[in-house]
Amino acid sequence: MDTLVATDTLLTLTGHLPGPARYALADLQRLPRHELGATAIQCFSGRPVAELQSLRGIRLVDVLAHAGFCEAPRAELKRCVIIGHGQDDYQAIFSWSELFNSPLGDAALIVYEQNGEPLAGHLGPLSLISAADRRLGPRNLRQLHTIEARRL
Ligand SMILES: Nc1nc2c(c(=O)[nH]1)N[C@H]1C(S)=C(S)[C@@H](COP(=O)(O)O)O[C@H]1N2
Ligand SMILES: [Mo]
């Protein structure tokens, strides 16, 4: 694992990992970038929340791999859930299987830019999105600060 910049931490990875890992924006931007085009965010109720032109970030699987999560035996990984925590204690929850063994994982992103701009105000500086979900509201977590790998 690369040496990480501990100051200006925007994201912490904790839980079932070789050790906690802290990421500043510059650390995240060194991971492979992933972009989404026009994206409609709706609540599970169908209420429109936002129409975005573009999003830019990194895949959740890439940051988990970077932090050493995938080094655990697969029997343990299969029992893990990945929880994104927001500042307001809202949580977005994924399983190892959907992230690492389904197409859904390709589109589960930690976002640092929307419409070409850093995430402003109550949205950021980081958010999560699971762009292959039917309705994107529930796992479009604002103000993401921690990713927890929890073994059940
Ligand atoms: N941090 C955080 N992110 C969140 C939520 C929340 O309560 N807290 N609600 C989610 C849900 S279910 C929806 S539909 C949208 C709602 O966005 P809005 O509050 O801008 O309408 O944010 C999503 N992201
Ligand atoms: Mo929602």
# chains A, B, ... in the order shown; residues from 1 in each chain; ligands from 1
call {"tool": "select_by_dssp", "arguments": {"residues": "stretch 2-141 of chain A", "states": "helix (DSSP H, G or I)", "output": "PyMOL selection string"}}
result
chain A and resi 25-29+60-66+69-71+74-77+96-100+103-107+121-123
call {"tool": "residues_near_ligand", "arguments": {"ligand": "ligand 2", "cutoff": "8 Å", "atoms": "only C-alpha atoms and all ligand atoms", "output": "PyMOL selection string"}}
result
chain A and resi 42-45+47+137-138
call {"tool": "residues_around", "arguments": {"residues": "A:Tyr23", "least_positions_apart": "2", "cutoff": "6 Å", "atoms": "only C-alpha atoms", "output": "short mmCIF file (atom, residue, chain, number, x, y, z; two decimals) with C-alpha atoms, in the first residue's frame"}}
result
data_model
loop_
_atom_site.label_atom_id
_atom_site.label_comp_id
_atom_site.auth_asym_id
_atom_site.auth_seq_id
_atom_site.Cartn_x
_atom_site.Cartn_y
_atom_site.Cartn_z
CA THR A 9 -8.38 13.49 5.33
CA LEU A 10 -11.68 13.35 3.43
CA LEU A 11 -12.25 9.61 3.63
CA ASP A 27 -4.88 10.44 -2.77
#
call {"tool": "residues_near_ligand", "arguments": {"ligand": "ligand 1", "cutoff": "10 Å", "atoms": "only C-alpha atoms and all ligand atoms", "output": "number ranges by chain"}}
result
A: 41-50, 84-92, 122-124, 127-129, 135-145
call {"tool": "write_last_selection", "arguments": {"atoms": "N, CA and C atoms", "output": "compact mmCIF listing (two decimals), in the first residue's frame"}}
result
# COMPACT_ATOMS: atom_id res chain seq x y z
N ILE A 41 -31.33 11.33 -10.64
CA ILE A 41 -31.46 10.83 -9.26
C ILE A 41 -32.93 10.92 -8.86
N GLN A 42 -33.49 9.80 -8.44
CA GLN A 42 -34.87 9.78 -7.93
C GLN A 42 -34.89 9.10 -6.58
N CYS A 43 -35.77 9.57 -5.72
CA CYS A 43 -36.05 8.87 -4.46
C CYS A 43 -36.68 7.52 -4.78
N PHE A 44 -36.66 6.61 -3.82
CA PHE A 44 -37.33 5.32 -4.01
C PHE A 44 -38.81 5.51 -4.31
N SER A 45 -39.38 6.60 -3.83
CA SER A 45 -40.80 6.93 -4.09
C SER A 45 -41.05 7.36 -5.53
N GLY A 46 -39.98 7.66 -6.28
CA GLY A 46 -40.12 8.19 -7.63
C GLY A 46 -39.97 9.71 -7.70
N ARG A 47 -39.92 10.37 -6.55
CA ARG A 47 -39.75 11.83 -6.54
C ARG A 47 -38.42 12.20 -7.18
N PRO A 48 -38.43 13.13 -8.17
CA PRO A 48 -37.15 13.55 -8.76
C PRO A 48 -36.31 14.34 -7.76
N VAL A 49 -35.02 14.01 -7.69
CA VAL A 49 -34.11 14.71 -6.76
C VAL A 49 -33.14 15.60 -7.53
N ALA A 50 -32.53 15.06 -8.59
CA ALA A 50 -31.55 15.86 -9.36
C ALA A 50 -31.37 15.24 -10.74
N GLY A 84 -21.19 2.72 3.74
CA GLY A 84 -20.80 4.12 3.59
C GLY A 84 -21.52 4.93 4.65
N HIS A 85 -20.77 5.73 5.40
CA HIS A 85 -21.34 6.54 6.48
C HIS A 85 -21.31 8.02 6.09
N GLY A 86 -22.44 8.71 6.24
CA GLY A 86 -22.51 10.14 6.00
C GLY A 86 -22.46 10.93 7.31
N GLN A 87 -22.25 12.23 7.18
CA GLN A 87 -22.11 13.08 8.37
C GLN A 87 -23.36 13.03 9.26
N ASP A 88 -24.52 12.82 8.65
CA ASP A 88 -25.77 12.80 9.41
C ASP A 88 -26.13 11.40 9.90
N ASP A 89 -25.17 10.44 9.78
CA ASP A 89 -25.36 9.06 10.22
C ASP A 89 -26.21 8.25 9.25
N TYR A 90 -26.58 8.84 8.12
CA TYR A 90 -27.21 8.04 7.06
C TYR A 90 -26.18 7.01 6.58
N GLN A 91 -26.67 5.85 6.14
CA GLN A 91 -25.76 4.79 5.69
C GLN A 91 -26.22 4.24 4.35
N ALA A 92 -25.26 3.89 3.49
CA ALA A 92 -25.54 3.17 2.25
C ALA A 92 -24.78 1.85 2.35
N HIS A 122 -23.88 20.92 1.16
CA HIS A 122 -24.36 19.73 1.88
C HIS A 122 -24.16 18.44 1.07
N LEU A 123 -23.71 18.54 -0.19
CA LEU A 123 -23.53 17.34 -1.00
C LEU A 123 -22.20 16.64 -0.70
N GLY A 124 -21.18 17.42 -0.37
CA GLY A 124 -19.83 16.85 -0.35
C GLY A 124 -19.05 17.15 0.92
N SER A 127 -19.38 12.09 -2.14
CA SER A 127 -20.65 11.37 -2.05
C SER A 127 -20.44 9.97 -2.61
N LEU A 128 -21.43 9.13 -2.37
CA LEU A 128 -21.43 7.78 -2.93
C LEU A 128 -22.57 7.71 -3.94
N ILE A 129 -22.41 6.89 -4.97
CA ILE A 129 -23.55 6.62 -5.85
C ILE A 129 -23.46 5.18 -6.33
N ARG A 135 -33.50 3.07 -8.68
CA ARG A 135 -33.67 4.45 -8.24
C ARG A 135 -32.41 4.81 -7.47
N LEU A 136 -31.82 5.94 -7.83
CA LEU A 136 -30.46 6.21 -7.33
C LEU A 136 -30.43 6.96 -6.01
N GLY A 137 -31.58 7.50 -5.56
CA GLY A 137 -31.59 8.28 -4.32
C GLY A 137 -31.05 7.55 -3.10
N PRO A 138 -31.59 6.36 -2.80
CA PRO A 138 -31.24 5.74 -1.52
C PRO A 138 -29.75 5.52 -1.28
N ARG A 139 -28.97 5.18 -2.33
CA ARG A 139 -27.53 4.98 -2.11
C ARG A 139 -26.69 6.12 -2.69
N ASN A 140 -27.34 7.26 -2.97
CA ASN A 140 -26.58 8.46 -3.34
C ASN A 140 -26.32 9.25 -2.05
N LEU A 141 -25.40 8.71 -1.27
CA LEU A 141 -25.15 9.23 0.08
C LEU A 141 -24.34 10.52 0.02
N ARG A 142 -24.90 11.57 0.59
CA ARG A 142 -24.18 12.86 0.65
C ARG A 142 -23.21 12.86 1.82
N GLN A 143 -22.19 13.70 1.73
CA GLN A 143 -21.24 13.92 2.83
C GLN A 143 -20.70 12.59 3.39
N LEU A 144 -20.23 11.76 2.45
CA LEU A 144 -19.56 10.51 2.83
C LEU A 144 -18.27 10.82 3.58
N HIS A 145 -18.06 10.19 4.74
CA HIS A 145 -16.76 10.38 5.42
C HIS A 145 -16.04 9.08 5.74
call {"tool": "select_by_dssp", "arguments": {"residues": "chain A", "states": "strand (DSSP E or B)", "output": "NGL selection string"}}
result
:A and (9-15 or 21-24 or 33-36 or 39-42 or 48-52 or 55-59 or 80-86 or 91-95 or 108-114 or 117-118 or 127-130 or 144-151)
call {"tool": "residues_around", "arguments": {"residues": "A:Val81", "least_positions_apart": "5", "cutoff": "8 Å", "atoms": "only C-alpha atoms", "output": "PyMOL selection string"}}
result
chain A and resi 93-96+149-152
call {"tool": "atom_distance", "arguments": {"atom1": "atom CA of A:Ser97", "atom2": "atom CA of A:Leu55"}}
result
24.5 Å
call {"tool": "atom_distance", "arguments": {"atom1": "atom CA of A:Ala65", "atom2": "atom CA of A:Asp133"}}
result
22.2 Å
call {"tool": "atom_distance", "arguments": {"atom1": "atom CA of A:Gly57", "atom2": "atom CA of A:Ala26"}}
result
11.8 Å
call {"tool": "closest_residue", "arguments": {"among": "A:Arg134, A:Arg74, A:His66, A:His34", "to": "A:Arg22", "atoms": "only C-alpha atoms"}}
result
A:His66
call {"tool": "closest_residue", "arguments": {"among": "A:Thr146, A:Asn101, A:Arg79, A:Leu52", "to": "A:Glu35", "atoms": "only C-alpha atoms"}}
result
A:Leu52
